[in-house]
file protein_9.pdb (PDB, C-alpha atoms)
MODEL        1
ATOM      1  CA  MET A  21    -128.821-138.888 -46.369  1.00  0.00           C
ATOM      2  CA  VAL A  22    -129.897-136.322 -43.750  1.00  0.00           C
ATOM      3  CA  ARG A  23    -127.195-137.537 -41.368  1.00  0.00           C
ATOM      4  CA  GLU A  24    -124.618-137.179 -44.152  1.00  0.00           C
ATOM      5  CA  ARG A  25    -125.698-133.576 -44.866  1.00  0.00           C
ATOM      6  CA  GLN A  26    -125.506-132.742 -41.161  1.00  0.00           C
ATOM      7  CA  GLY A  27    -122.013-134.220 -41.027  1.00  0.00           C
ATOM      8  CA  GLN A  28    -120.941-132.169 -44.043  1.00  0.00           C
ATOM      9  CA  ARG A  29    -122.440-129.046 -42.508  1.00  0.00           C
ATOM     10  CA  GLN A  30    -120.619-129.646 -39.240  1.00  0.00           C
ATOM     11  CA  ALA A  31    -117.326-130.309 -41.032  1.00  0.00           C
ATOM     12  CA  ARG A  32    -117.730-127.063 -43.012  1.00  0.00           C
ATOM     13  CA  ARG A  33    -118.380-125.132 -39.802  1.00  0.00           C
ATOM     14  CA  LEU A  34    -115.349-126.596 -38.051  1.00  0.00           C
ATOM     15  CA  ARG A  35    -113.167-125.727 -41.062  1.00  0.00           C
ATOM     16  CA  ALA A  36    -114.545-122.190 -40.972  1.00  0.00           C
ATOM     17  CA  ALA A  37    -113.716-121.889 -37.258  1.00  0.00           C
ATOM     18  CA  ALA A  38    -110.178-123.175 -37.873  1.00  0.00           C
ATOM     19  CA  GLU A  39    -109.756-120.732 -40.774  1.00  0.00           C
ATOM     20  CA  LEU A  40    -111.003-117.873 -38.600  1.00  0.00           C
ATOM     21  CA  ALA A  41    -108.552-118.828 -35.848  1.00  0.00           C
ATOM     22  CA  ALA A  42    -105.681-118.801 -38.350  1.00  0.00           C
ATOM     23  CA  ALA A  43    -106.786-115.487 -39.874  1.00  0.00           C
ATOM     24  CA  VAL A  44    -107.153-113.654 -36.576  1.00  0.00           C
ATOM     25  CA  ALA A  45    -103.867-115.100 -35.315  1.00  0.00           C
ATOM     26  CA  ALA A  46    -102.204-113.421 -38.277  1.00  0.00           C
ATOM     27  CA  ALA A  47    -104.094-110.137 -37.820  1.00  0.00           C
ATOM     28  CA  GLY A  48    -101.772-107.276 -37.032  1.00  0.00           C
ATOM     29  CA  ASP A  49    -104.296-105.100 -35.268  1.00  0.00           C
ATOM     30  CA  VAL A  50    -107.686-105.250 -33.619  1.00  0.00           C
ATOM     31  CA  ALA A  51    -109.518-103.483 -36.477  1.00  0.00           C
ATOM     32  CA  GLN A  52    -108.285-106.090 -38.962  1.00  0.00           C
ATOM     33  CA  LEU A  53    -109.263-108.843 -36.551  1.00  0.00           C
ATOM     34  CA  TYR A  54    -112.813-107.473 -36.196  1.00  0.00           C
ATOM     35  CA  GLN A  55    -113.206-107.150 -39.973  1.00  0.00           C
ATOM     36  CA  GLN A  56    -112.038-110.748 -40.514  1.00  0.00           C
ATOM     37  CA  ALA A  57    -114.583-111.976 -37.965  1.00  0.00           C
ATOM     38  CA  ALA A  58    -117.462-110.036 -39.562  1.00  0.00           C
ATOM     39  CA  GLU A  59    -116.593-111.182 -43.094  1.00  0.00           C
ATOM     40  CA  ARG A  60    -116.230-114.832 -42.165  1.00  0.00           C
ATOM     41  CA  ALA A  61    -119.408-114.869 -40.052  1.00  0.00           C
ATOM     42  CA  ALA A  62    -121.444-113.274 -42.862  1.00  0.00           C
ATOM     43  CA  ALA A  63    -120.120-115.829 -45.344  1.00  0.00           C
ATOM     44  CA  LEU A  64    -120.560-118.892 -43.138  1.00  0.00           C
ATOM     45  CA  PHE A  65    -124.133-118.073 -42.110  1.00  0.00           C
ATOM     46  CA  ASP A  66    -125.186-116.697 -45.506  1.00  0.00           C
ATOM     47  CA  ALA A  67    -126.144-113.476 -43.740  1.00  0.00           C
ATOM     48  CA  GLU A  68    -126.776-110.108 -45.352  1.00  0.00           C
ATOM     49  CA  TRP A  69    -125.015-108.423 -42.434  1.00  0.00           C
ATOM     50  CA  ALA A  70    -122.526-109.326 -39.777  1.00  0.00           C
ATOM     51  CA  THR A  71    -121.307-106.786 -37.261  1.00  0.00           C
ATOM     52  CA  VAL A  72    -118.746-106.503 -34.513  1.00  0.00           C
ATOM     53  CA  ARG A  73    -119.496-103.981 -31.791  1.00  0.00           C
ATOM     54  CA  VAL A  74    -117.240-102.935 -28.920  1.00  0.00           C
ATOM     55  CA  TYR A  75    -118.528-101.692 -25.583  1.00  0.00           C
ATOM     56  CA  ASP A  76    -117.636 -98.128 -24.589  1.00  0.00           C
ATOM     57  CA  PRO A  77    -118.186 -97.958 -20.799  1.00  0.00           C
ATOM     58  CA  ALA A  78    -117.753 -94.171 -20.688  1.00  0.00           C
ATOM     59  CA  GLU A  79    -120.869 -93.715 -22.845  1.00  0.00           C
ATOM     60  CA  ASP A  80    -122.527 -97.070 -21.990  1.00  0.00           C
ATOM     61  CA  VAL A  81    -122.968 -97.946 -25.674  1.00  0.00           C
ATOM     62  CA  LEU A  82    -121.896-100.612 -28.137  1.00  0.00           C
ATOM     63  CA  VAL A  83    -119.929 -98.954 -30.943  1.00  0.00           C
ATOM     64  CA  LEU A  84    -119.873-100.427 -34.452  1.00  0.00           C
ATOM     65  CA  ARG A  85    -116.281-101.458 -35.311  1.00  0.00           C
ATOM     66  CA  ALA A  86    -116.745-103.769 -38.314  1.00  0.00           C
ATOM     67  CA  MET A  87    -119.470-104.745 -40.739  1.00  0.00           C
ATOM     68  CA  ALA A  88    -119.605-107.183 -43.638  1.00  0.00           C
ATOM     69  CA  GLY A  89    -122.138-108.738 -45.944  1.00  0.00           C
ATOM     70  CA  PRO A  90    -123.527-108.378 -49.427  1.00  0.00           C
ATOM     71  CA  ALA A  91    -126.555-106.200 -48.644  1.00  0.00           C
ATOM     72  CA  PRO A  92    -126.285-102.408 -48.647  1.00  0.00           C
ATOM     73  CA  TYR A  93    -127.311-101.411 -45.148  1.00  0.00           C
ATOM     74  CA  MET A  94    -125.771 -99.190 -42.524  1.00  0.00           C
ATOM     75  CA  PRO A  95    -126.597-100.198 -38.959  1.00  0.00           C
ATOM     76  CA  ALA A  96    -126.648 -97.691 -36.127  1.00  0.00           C
ATOM     77  CA  GLU A  97    -123.162 -96.514 -35.193  1.00  0.00           C
ATOM     78  CA  ARG A  98    -124.015 -96.666 -31.471  1.00  0.00           C
ATOM     79  CA  LEU A  99    -126.384 -99.081 -29.782  1.00  0.00           C
ATOM     80  CA  ALA A 100    -127.490 -99.159 -26.153  1.00  0.00           C
ATOM     81  CA  PRO A 101    -127.085-102.446 -24.261  1.00  0.00           C
ATOM     82  CA  GLY A 102    -130.434-104.259 -24.424  1.00  0.00           C
ATOM     83  CA  THR A 103    -131.318-102.754 -27.821  1.00  0.00           C
ATOM     84  CA  GLY A 104    -131.485-104.972 -30.912  1.00  0.00           C
ATOM     85  CA  ILE A 105    -130.029-108.460 -31.129  1.00  0.00           C
ATOM     86  CA  ALA A 106    -126.472-107.321 -30.307  1.00  0.00           C
ATOM     87  CA  GLY A 107    -127.655-105.285 -27.344  1.00  0.00           C
ATOM     88  CA  HIS A 108    -129.689-108.221 -26.025  1.00  0.00           C
ATOM     89  CA  ALA A 109    -126.700-110.581 -26.203  1.00  0.00           C
ATOM     90  CA  PHE A 110    -124.453-108.031 -24.523  1.00  0.00           C
ATOM     91  CA  ALA A 111    -126.909-107.203 -21.730  1.00  0.00           C
ATOM     92  CA  ALA A 112    -127.679-110.881 -21.056  1.00  0.00           C
ATOM     93  CA  GLY A 113    -124.044-111.931 -21.329  1.00  0.00           C
ATOM     94  CA  LYS A 114    -125.058-114.948 -23.381  1.00  0.00           C
ATOM     95  CA  PRO A 115    -125.782-115.906 -27.002  1.00  0.00           C
ATOM     96  CA  VAL A 116    -129.154-114.889 -28.434  1.00  0.00           C
ATOM     97  CA  LEU A 117    -130.987-116.330 -31.446  1.00  0.00           C
ATOM     98  CA  THR A 118    -134.254-115.321 -33.049  1.00  0.00           C
ATOM     99  CA  ASN A 119    -136.002-116.392 -36.221  1.00  0.00           C
ATOM    100  CA  ALA A 120    -138.546-113.601 -35.716  1.00  0.00           C
ATOM    101  CA  TYR A 121    -136.428-110.455 -35.516  1.00  0.00           C
ATOM    102  CA  ALA A 122    -139.401-108.087 -35.767  1.00  0.00           C
ATOM    103  CA  GLN A 123    -140.895-109.643 -32.620  1.00  0.00           C
ATOM    104  CA  LEU A 124    -137.591-109.357 -30.741  1.00  0.00           C
ATOM    105  CA  ILE A 125    -137.329-105.616 -31.392  1.00  0.00           C
ATOM    106  CA  HIS A 126    -141.052-104.876 -30.988  1.00  0.00           C
ATOM    107  CA  GLY A 127    -141.464-101.691 -29.002  1.00  0.00           C
ATOM    108  CA  GLN A 128    -137.877-100.518 -29.481  1.00  0.00           C
ATOM    109  CA  PRO A 129    -138.138 -97.356 -31.579  1.00  0.00           C
ATOM    110  CA  GLN A 130    -134.342 -97.174 -32.038  1.00  0.00           C
ATOM    111  CA  VAL A 131    -134.398-100.288 -34.223  1.00  0.00           C
ATOM    112  CA  ALA A 132    -138.010-100.460 -35.414  1.00  0.00           C
ATOM    113  CA  GLY A 133    -138.375-100.600 -39.170  1.00  0.00           C
ATOM    114  CA  ARG A 134    -134.891-102.029 -39.708  1.00  0.00           C
ATOM    115  CA  PRO A 135    -134.738-105.086 -41.898  1.00  0.00           C
ATOM    116  CA  GLY A 136    -134.244-108.562 -40.551  1.00  0.00           C
ATOM    117  CA  HIS A 137    -135.812-111.972 -40.347  1.00  0.00           C
ATOM    118  CA  ALA A 138    -133.384-114.269 -38.522  1.00  0.00           C
ATOM    119  CA  ALA A 139    -130.537-113.066 -36.345  1.00  0.00           C
ATOM    120  CA  MET A 140    -127.978-114.296 -33.846  1.00  0.00           C
ATOM    121  CA  ALA A 141    -125.564-112.472 -31.575  1.00  0.00           C
ATOM    122  CA  VAL A 142    -122.949-113.489 -29.048  1.00  0.00           C
ATOM    123  CA  PRO A 143    -121.094-111.444 -26.453  1.00  0.00           C
ATOM    124  CA  LEU A 144    -117.337-111.066 -26.849  1.00  0.00           C
ATOM    125  CA  CYS A 145    -115.756-111.692 -23.466  1.00  0.00           C
ATOM    126  CA  ALA A 146    -112.136-110.605 -23.066  1.00  0.00           C
ATOM    127  CA  ALA A 147    -110.114-110.599 -19.858  1.00  0.00           C
ATOM    128  CA  GLY A 148    -113.150-111.777 -17.912  1.00  0.00           C
ATOM    129  CA  ARG A 149    -115.389-108.904 -19.007  1.00  0.00           C
ATOM    130  CA  ARG A 150    -117.960-108.372 -21.727  1.00  0.00           C
ATOM    131  CA  ALA A 151    -116.120-106.383 -24.357  1.00  0.00           C
ATOM    132  CA  GLY A 152    -118.601-106.333 -27.243  1.00  0.00           C
ATOM    133  CA  THR A 153    -120.674-108.471 -29.607  1.00  0.00           C
ATOM    134  CA  LEU A 154    -120.550-110.413 -32.853  1.00  0.00           C
ATOM    135  CA  SER A 155    -123.864-110.685 -34.679  1.00  0.00           C
ATOM    136  CA  VAL A 156    -125.362-111.857 -37.970  1.00  0.00           C
ATOM    137  CA  ARG A 157    -128.712-111.040 -39.522  1.00  0.00           C
ATOM    138  CA  THR A 158    -130.642-111.929 -42.660  1.00  0.00           C
ATOM    139  CA  CYS A 159    -133.872-110.843 -44.322  1.00  0.00           C
ATOM    140  CA  ARG A 160    -134.230-114.095 -46.226  1.00  0.00           C
ATOM    141  CA  PRO A 161    -136.486-116.790 -44.773  1.00  0.00           C
ATOM    142  CA  VAL A 162    -133.562-118.600 -43.178  1.00  0.00           C
ATOM    143  CA  THR A 163    -133.954-120.436 -39.903  1.00  0.00           C
ATOM    144  CA  TYR A 164    -130.969-120.446 -37.590  1.00  0.00           C
ATOM    145  CA  ASP A 165    -130.746-123.176 -34.960  1.00  0.00           C
ATOM    146  CA  ALA A 166    -128.864-123.979 -31.763  1.00  0.00           C
ATOM    147  CA  ASP A 167    -125.990-125.511 -33.748  1.00  0.00           C
ATOM    148  CA  ASP A 168    -125.615-122.261 -35.710  1.00  0.00           C
ATOM    149  CA  LEU A 169    -125.596-120.301 -32.476  1.00  0.00           C
ATOM    150  CA  ALA A 170    -122.951-122.604 -30.986  1.00  0.00           C
ATOM    151  CA  VAL A 171    -120.686-122.016 -33.998  1.00  0.00           C
ATOM    152  CA  LEU A 172    -121.176-118.237 -33.813  1.00  0.00           C
ATOM    153  CA  ASP A 173    -120.349-118.455 -30.099  1.00  0.00           C
ATOM    154  CA  LEU A 174    -117.168-120.338 -31.002  1.00  0.00           C
ATOM    155  CA  PHE A 175    -116.329-117.562 -33.473  1.00  0.00           C
ATOM    156  CA  GLY A 176    -116.878-115.027 -30.672  1.00  0.00           C
ATOM    157  CA  ARG A 177    -114.578-116.908 -28.313  1.00  0.00           C
ATOM    158  CA  ILE A 178    -111.865-117.098 -30.983  1.00  0.00           C
ATOM    159  CA  VAL A 179    -112.150-113.358 -31.625  1.00  0.00           C
ATOM    160  CA  ALA A 180    -112.126-112.464 -27.916  1.00  0.00           C
ATOM    161  CA  ALA A 181    -109.005-114.573 -27.309  1.00  0.00           C
ATOM    162  CA  ALA A 182    -107.284-112.928 -30.275  1.00  0.00           C
ATOM    163  CA  VAL A 183    -108.212-109.451 -28.997  1.00  0.00           C
ATOM    164  CA  GLU A 184    -106.697-110.304 -25.617  1.00  0.00           C
ATOM    165  CA  ARG A 185    -103.505-111.462 -27.354  1.00  0.00           C
ATOM    166  CA  VAL A 186    -103.209-108.327 -29.517  1.00  0.00           C
ATOM    167  CA  GLU A 187    -103.893-106.020 -26.559  1.00  0.00           C
ATOM    168  CA  ALA A 188    -101.338-107.855 -24.416  1.00  0.00           C
ATOM    169  CA  GLN A 189     -98.723-107.521 -27.181  1.00  0.00           C
ATOM    170  CA  ALA A 190     -99.482-103.814 -27.497  1.00  0.00           C
ATOM    171  CA  GLN A 191     -98.794-103.304 -23.785  1.00  0.00           C
TER     172      GLN A 191
ENDMDL
END
call {"tool": "encode", "arguments": {"input": "protein_9.pdb", "output": "structure tokens"}}
result
Amino acid sequence: MVRERQGQRQARRLRAAAELAAAVAAAGDVAQLYQQAAERAAALFDAEWATVRVYDPAEDVLVLRAMAGPAPYMPAERLAPGTGIAGHAFAAGKPVLTNAYAQLIHGQPQVAGRPGHAAMAVPLCAAGRRAGTLSVRTCRPVTYDADDLAVLDLFGRIVAAAVERVEAQAQ
């Protein structure tokens, strides 16, 4: 029974990744691509918020480019690398998962007091460089695991490849 549920969960995730790949392949511009990624990540992980942030090297900040989810919340427009779950993933250059968001951001006044229980974020790497992040967060007592993080990382890789394609076509 448990094995069957895990198999169904994995099949649902793989379908979601394939659907994301098809959606971003059809996206006409980068903004549409980012919005598709945020919406599909929020839905798949039952998250209140999903965000896509893009790195601005001139200001050394991650800039919010897309947000989706059912909860009314407006995250910071600009986030320093190393700040919050997205900033941690970007600074480390690797996926980050926490099921204790308040502990992760402890001592960071820029994000203190913001809601969140479980969260995951992955860097978006395009053309061999870190270009931004994709993250999800929930206030509900949900527990994300390594499999969830691997799927979000797959989403991030799909998005990064699509961004490269759109930027190459624009040039």
call {"tool": "resolve_selection", "arguments": {"input": "protein_9.pdb", "expression": "the PyMOL selection byres ((chain A and resi 76-90) around 10)", "output": "PyMOL selection string"}}
result
chain A and resi 50-63+66-75+91-103+106-107+110+151-158
call {"tool": "atom_distance", "arguments": {"input": "protein_9.pdb", "atom1": "atom CA of Gly148 of chain A", "atom2": "atom CA of Ala109 of chain A"}}
result
15.9 Å
call {"tool": "resolve_selection", "arguments": {"input": "protein_9.pdb", "expression": "the PyMOL selection byres ((chain A and resi 33-43) around 10)", "output": "NGL selection string"}}
result
:A and (27-32 or 44-47 or 52-53 or 56-57 or 59-61 or 63-65 or 167-168 or 171-172 or 174-175 or 177-179 or 181-182)
call {"tool": "closest_residue", "arguments": {"input": "protein_9.pdb", "among": "A:Met140, A:Ala170, A:Cys159, A:Ala146", "to": "Leu117 of chain A", "atoms": "only C-alpha atoms"}}
result
A:Met140
call {"tool": "closest_residue", "arguments": {"input": "protein_9.pdb", "among": "A:Ala139, A:Val162, A:Leu144, A:Val186", "to": "Ala111 of chain A", "atoms": "all atoms listed in the file"}}
result
A:Leu144
call {"tool": "closest_residue", "arguments": {"input": "protein_9.pdb", "among": "A:Arg25, A:Ala138, A:Pro161, A:Gly113", "to": "Asp173 of chain A", "atoms": "only C-alpha atoms"}}
result
A:Gly113
call {"tool": "atom_distance", "arguments": {"input": "protein_9.pdb", "atom1": "atom CA of Ala180 of chain A", "atom2": "atom CA of Asp49 of chain A"}}
result
13.0 Å
call {"tool": "atom_distance", "arguments": {"input": "protein_9.pdb", "atom1": "atom CA of Glu187 of chain A", "atom2": "atom CA of Ala112 of chain A"}}
result
24.9 Å
call {"tool": "axis_aligned_box", "arguments": {"input": "protein_9.pdb", "around": "segment 25-34 of chain A", "padding_each_side": "3 Å", "output": "lines of an AutoDock Vina configuration file"}}
result
center_x = -120.5
center_y = -129.7
center_z = -41.5
size_x = 16.3
size_y = 15.1
size_z = 12.8
call {"tool": "residues_near_point", "arguments": {"input": "protein_9.pdb", "point": "(-119.8, -113.9, -24.2)", "cutoff": "7 Å", "atoms": "only C-alpha atoms", "output": "mmCIF file with C-alpha atoms, in the frame of the given file"}}
result
data_model
loop_
_atom_site.group_PDB
_atom_site.id
_atom_site.type_symbol
_atom_site.label_atom_id
_atom_site.label_comp_id
_atom_site.auth_asym_id
_atom_site.auth_seq_id
_atom_site.Cartn_x
_atom_site.Cartn_y
_atom_site.Cartn_z
ATOM 1 C CA GLY A 113 -124.044 -111.931 -21.329
ATOM 2 C CA LYS A 114 -125.058 -114.948 -23.381
ATOM 3 C CA PRO A 115 -125.782 -115.906 -27.002
ATOM 4 C CA VAL A 142 -122.949 -113.489 -29.048
ATOM 5 C CA PRO A 143 -121.094 -111.444 -26.453
ATOM 6 C CA LEU A 144 -117.337 -111.066 -26.849
ATOM 7 C CA CYS A 145 -115.756 -111.692 -23.466
ATOM 8 C CA ARG A 150 -117.960 -108.372 -21.727
#
